[in-house]
Amino acid sequence: MKILLTGGAGFIGSHLAEALLKKGYRVVIVDNFNDYYSPRRKEENLNGIRDHRRLEVVRADIRDRERMEELFSRHRFPVVIHLAARAGVRPSLAQPLLYQDVNVGGTLVLLESARRAGTKTFFFASSSSVYGNCPRILLRENEPDLRPISPYGLTKLSGEHLCRIFHRQYGLRIVVFRFFTAYGPRQRPDMAIHAFIRLISEGREIPVFGDGTSRRDYTFIDDIVTGILLALDGEFDYEVFNLGGGHSITLFELINLLGDKLARTPTLKRLPFQPGDVMATRADVSKARKLLGYRPVTGLAQGIERFITWFREVEEEST
Ligand SMILES: NC(=O)c1ccc[n+]([C@@H]2O[C@H](COP(=O)([O-])OP(=O)(O)OC[C@H]3O[C@@H](n4cnc5c(N)ncnc54)[C@H](O)[C@@H]3O)[C@@H](O)[C@H]2O)c1
């Protein structure tokens, strides 16, 4: 089976591409290798699979309607896994129009191309950001009051609604994943674990926004990939799944853990709470457990050790 994987040169996408090829799928990656972070890093993400005979890498923008329609009519993908996006909450406050353009406009181009080409199943990468500052401790997929507090979160919620409409009106099968802070080797350099490990390693201060009590549910990349693969094996008409680690820790606890693992004492720079950041995320993964058999297995301490091993290898290679 041939799968279109958008954003396949990115953090989650490159891991997923490797796993899909290992499972025997044919994979067409569409990625524009933009400079949100180093395009060279995205090239390197594909090092292990670039020459794979079942992989094609297409350098294109998902907003390019003609290119997308041409690609769909050539390949007739039965399955699309759409990960390409402007990710990141804080930059979306500086560039809301760009986020809207790529994350909503780009998603619509793909849904429409998929509909015209007779694609059966469309997977969409959404985010825990759609929950905003939801007062519930455990976040559930059927939460009725979704109020994102950043342009990024809103673009993801809009993408979910577009998917729902394409399901209802055109019968496209849809699986929406709400990822909860993925981390692991190749994590985007702007994300907390990656950025903090770099700062601690270089003996620099860590900016701590707010009082350090904000909480996040961190999910190791292999668990995210496993969740997506499990959904590929299932048959769903329209489902939304939280993919989380299933536990959450505070910012201070995270920083202490990173300091422990790096055997260094982090120094902190206290700053005001950042607009757009939510106070807490914690996924209820019982639906994914029940319908997919999803069970996150990598604890945070173990996952951070694996990140640090990768980080040191990459640092050594670049010196
Ligand atoms: N990493 C997380 O913790 C997390 C959490 C929730 C949701 N998500 C979502 O998961 C997806 C993947 O995230 P990631 O962390 O791997 O990010 P990433 O930035 O590493 O990957 C995204 C990829 O999409 C590509 N891309 C962006 N705009 C494009 C465009 N217009 N045309 C073609 N390609 C384009 C980028 O070049 C990049 O390689 C995103 O949709 C993101 O919003 C990620």
# chains A, B, ... in the order shown; residues from 1 in each chain; ligands from 1
>>> residues_around(residues="Pro148 of chain A", least_positions_apart="3", cutoff="8 Å", atoms="only C-alpha atoms", output="PDB file with C-alpha atoms, in the first residue's frame")
ATOM      1  CA  SER A 129      -3.389  22.707  22.190  1.00  0.00           C
ATOM      2  CA  VAL A 130      -7.009  22.397  21.050  1.00  0.00           C
ATOM      3  CA  TYR A 131      -7.987  21.935  24.725  1.00  0.00           C
ATOM      4  CA  GLY A 132      -6.726  25.401  25.699  1.00  0.00           C
ATOM      5  CA  ASN A 133      -6.940  25.996  29.456  1.00  0.00           C
ATOM      6  CA  PRO A 151      -3.480  30.873  16.889  1.00  0.00           C
ATOM      7  CA  GLY A 153      -4.260  25.740  18.694  1.00  0.00           C
ATOM      8  CA  LEU A 154      -7.035  27.341  16.698  1.00  0.00           C
ATOM      9  CA  LEU A 157      -9.046  22.819  15.823  1.00  0.00           C
TER      10      LEU A 157
END
>>> residues_around(residues="Ser126 of chain A", least_positions_apart="2", cutoff="8 Å", atoms="only C-alpha atoms", output="ChimeraX atom specification")
/A:124,128,130,156-157,159-160,176-179
>>> write_last_selection(atoms="C-alpha atoms", output="PDB file, in the first residue's frame")
ATOM      1  CA  PHE A 124      -4.603  14.358  10.691  1.00  0.00           C
ATOM      2  CA  SER A 128      -3.345  18.932  22.846  1.00  0.00           C
ATOM      3  CA  VAL A 130      -7.009  22.397  21.050  1.00  0.00           C
ATOM      4  CA  LYS A 156      -5.424  22.647  14.686  1.00  0.00           C
ATOM      5  CA  LEU A 157      -9.046  22.819  15.823  1.00  0.00           C
ATOM      6  CA  GLY A 159      -8.172  21.377  10.761  1.00  0.00           C
ATOM      7  CA  GLU A 160     -10.166  18.920  12.874  1.00  0.00           C
ATOM      8  CA  VAL A 176      -7.457  12.696  14.177  1.00  0.00           C
ATOM      9  CA  PHE A 177      -4.557  12.377  16.619  1.00  0.00           C
ATOM     10  CA  ARG A 178      -4.135  14.887  19.392  1.00  0.00           C
ATOM     11  CA  PHE A 179      -0.440  14.572  20.208  1.00  0.00           C
TER      12      PHE A 179
END
>>> closest_residue(among="A:Arg289, A:Arg216, A:His75, A:Arg312", to="ligand 1", atoms="only C-alpha atoms and all ligand atoms")
A:Arg216
>>> select_by_dssp(residues="segment 15-148 of chain A", states="strand (DSSP E)", output="list in words")
Arg26, Val27, Val28, Ile29, Val30, Asp31, Leu55, Glu56, Val57, Val58, Arg59, Val79, Val80, Ile81, His82, Thr121, Phe122, Phe123, Phe124, Ala125, Ser126 and Ser127 of chain A
>>> write_last_selection(atoms="N, CA and C atoms", output="PDB file, in the first residue's frame")
ATOM      1  N   ARG A  26       4.793   1.461   0.890  1.00  0.00           N
ATOM      2  CA  ARG A  26       5.451   2.426   0.006  1.00  0.00           C
ATOM      3  C   ARG A  26       5.122   3.805   0.550  1.00  0.00           C
ATOM      4  N   VAL A  27       6.105   4.697   0.593  1.00  0.00           N
ATOM      5  CA  VAL A  27       5.885   5.995   1.229  1.00  0.00           C
ATOM      6  C   VAL A  27       6.302   7.122   0.288  1.00  0.00           C
ATOM      7  N   VAL A  28       5.410   8.070   0.111  1.00  0.00           N
ATOM      8  CA  VAL A  28       5.765   9.301  -0.612  1.00  0.00           C
ATOM      9  C   VAL A  28       5.728  10.434   0.406  1.00  0.00           C
ATOM     10  N   ILE A  29       6.890  11.024   0.642  1.00  0.00           N
ATOM     11  CA  ILE A  29       6.971  12.155   1.577  1.00  0.00           C
ATOM     12  C   ILE A  29       6.813  13.452   0.796  1.00  0.00           C
ATOM     13  N   VAL A  30       5.957  14.330   1.301  1.00  0.00           N
ATOM     14  CA  VAL A  30       5.933  15.709   0.787  1.00  0.00           C
ATOM     15  C   VAL A  30       6.386  16.617   1.916  1.00  0.00           C
ATOM     16  N   ASP A  31       7.440  17.374   1.645  1.00  0.00           N
ATOM     17  CA  ASP A  31       7.935  18.309   2.667  1.00  0.00           C
ATOM     18  C   ASP A  31       8.607  19.466   1.940  1.00  0.00           C
ATOM     19  N   LEU A  55      10.715   4.433  -1.052  1.00  0.00           N
ATOM     20  CA  LEU A  55      10.494   5.821  -0.608  1.00  0.00           C
ATOM     21  C   LEU A  55      10.712   6.811  -1.751  1.00  0.00           C
ATOM     22  N   GLU A  56       9.791   7.773  -1.856  1.00  0.00           N
ATOM     23  CA  GLU A  56      10.004   8.901  -2.771  1.00  0.00           C
ATOM     24  C   GLU A  56       9.867  10.183  -1.939  1.00  0.00           C
ATOM     25  N   VAL A  57      10.800  11.094  -2.124  1.00  0.00           N
ATOM     26  CA  VAL A  57      10.721  12.365  -1.390  1.00  0.00           C
ATOM     27  C   VAL A  57      10.412  13.479  -2.383  1.00  0.00           C
ATOM     28  N   VAL A  58       9.295  14.148  -2.151  1.00  0.00           N
ATOM     29  CA  VAL A  58       8.872  15.234  -3.037  1.00  0.00           C
ATOM     30  C   VAL A  58       9.022  16.551  -2.282  1.00  0.00           C
ATOM     31  N   ARG A  59       9.845  17.445  -2.832  1.00  0.00           N
ATOM     32  CA  ARG A  59      10.031  18.761  -2.203  1.00  0.00           C
ATOM     33  C   ARG A  59       8.948  19.686  -2.728  1.00  0.00           C
ATOM     34  N   VAL A  79      -4.223   6.052   1.457  1.00  0.00           N
ATOM     35  CA  VAL A  79      -4.088   6.611   2.814  1.00  0.00           C
ATOM     36  C   VAL A  79      -3.184   7.841   2.781  1.00  0.00           C
ATOM     37  N   VAL A  80      -3.619   8.875   3.485  1.00  0.00           N
ATOM     38  CA  VAL A  80      -2.795  10.083   3.655  1.00  0.00           C
ATOM     39  C   VAL A  80      -2.546  10.275   5.151  1.00  0.00           C
ATOM     40  N   ILE A  81      -1.293  10.500   5.507  1.00  0.00           N
ATOM     41  CA  ILE A  81      -0.988  10.856   6.903  1.00  0.00           C
ATOM     42  C   ILE A  81      -0.436  12.283   6.858  1.00  0.00           C
ATOM     43  N   HIS A  82      -1.231  13.196   7.353  1.00  0.00           N
ATOM     44  CA  HIS A  82      -0.917  14.627   7.181  1.00  0.00           C
ATOM     45  C   HIS A  82      -0.329  15.217   8.464  1.00  0.00           C
ATOM     46  N   THR A 121      -8.678   6.978   3.405  1.00  0.00           N
ATOM     47  CA  THR A 121      -8.442   7.311   4.811  1.00  0.00           C
ATOM     48  C   THR A 121      -7.454   8.460   4.943  1.00  0.00           C
ATOM     49  N   PHE A 122      -7.786   9.394   5.810  1.00  0.00           N
ATOM     50  CA  PHE A 122      -6.973  10.596   6.002  1.00  0.00           C
ATOM     51  C   PHE A 122      -6.673  10.729   7.490  1.00  0.00           C
ATOM     52  N   PHE A 123      -5.371  10.680   7.852  1.00  0.00           N
ATOM     53  CA  PHE A 123      -4.971  10.879   9.247  1.00  0.00           C
ATOM     54  C   PHE A 123      -4.510  12.321   9.413  1.00  0.00           C
ATOM     55  N   PHE A 124      -4.956  12.949  10.474  1.00  0.00           N
ATOM     56  CA  PHE A 124      -4.603  14.358  10.691  1.00  0.00           C
ATOM     57  C   PHE A 124      -3.911  14.545  12.047  1.00  0.00           C
ATOM     58  N   ALA A 125      -2.747  15.231  12.002  1.00  0.00           N
ATOM     59  CA  ALA A 125      -2.003  15.505  13.240  1.00  0.00           C
ATOM     60  C   ALA A 125      -2.565  16.745  13.908  1.00  0.00           C
ATOM     61  N   SER A 126      -3.356  16.536  14.952  1.00  0.00           N
ATOM     62  CA  SER A 126      -3.813  17.665  15.750  1.00  0.00           C
ATOM     63  C   SER A 126      -2.969  17.730  17.027  1.00  0.00           C
ATOM     64  N   SER A 127      -3.455  18.446  17.997  1.00  0.00           N
ATOM     65  CA  SER A 127      -2.584  18.756  19.137  1.00  0.00           C
ATOM     66  C   SER A 127      -3.388  18.905  20.424  1.00  0.00           C
TER      67      SER A 127
END
>>> residues_around(residues="Leu230 of chain A", least_positions_apart="4", cutoff="7 Å", atoms="only C-alpha atoms", output="PyMOL selection string")
chain A and resi 226+234+292
>>> atom_distance(atom1="atom CA of Val314 of chain A", atom2="atom 6 (C, counted along the ligand's line) of ligand 1")
23.9 Å
>>> atom_distance(atom1="atom CA of Ala114 of chain A", atom2="atom CA of Arg76 of chain A")
8.3 Å
>>> closest_residue(among="A:Ile197, A:Leu46, A:Ile165, A:Ala283", to="Ala263 of chain A", atoms="only C-alpha atoms")
A:Ile197
>>> closest_residue(among="A:Gly276, A:Gly259, A:Pro78, A:Pro266", to="Glu205 of chain A", atoms="only C-alpha atoms")
A:Pro266
>>> closest_residue(among="A:Gln187, A:Ser158, A:Asn242, A:Ser150", to="ligand 1", atoms="only C-alpha atoms and all ligand atoms")
A:Gln187
>>> atom_distance(atom1="atom CA of Leu262 of chain A", atom2="atom CA of Phe220 of chain A")
18.5 Å
>>> select_by_dssp(residues="segment 21-263 of chain A", states="alpha helix (DSSP H)", output="ChimeraX atom specification")
/A:21-22,39-45,65-75,90-94,96-99,107-117,151-170,192-201,221-233,251-262
>>> closest_residue(among="A:Asp211, A:Asp237, A:Asp61, A:Asp217", to="Gly7 of chain A", atoms="only C-alpha atoms")
A:Asp61
>>> closest_residue(among="A:Leu108, A:Leu257, A:Leu229, A:Leu98", to="Lys22 of chain A", atoms="only C-alpha atoms")
A:Leu229
>>> residues_around(residues="segment 285-288 of chain A", least_positions_apart="2", cutoff="8 Å", atoms="only C-alpha atoms", output="list in words")
Arg140, Gly227, Phe241, Asn242, Leu243, Gly244, Gly246, Ala283, Lys290, Leu291, Leu292, Gly293 and Tyr294 of chain A
>>> residues_around(residues="Asn256 of chain A", least_positions_apart="6", cutoff="12 Å", atoms="only C-alpha atoms", output="PyMOL selection string")
chain A and resi 193+196-197+200+206+212+249-250+262-268+301
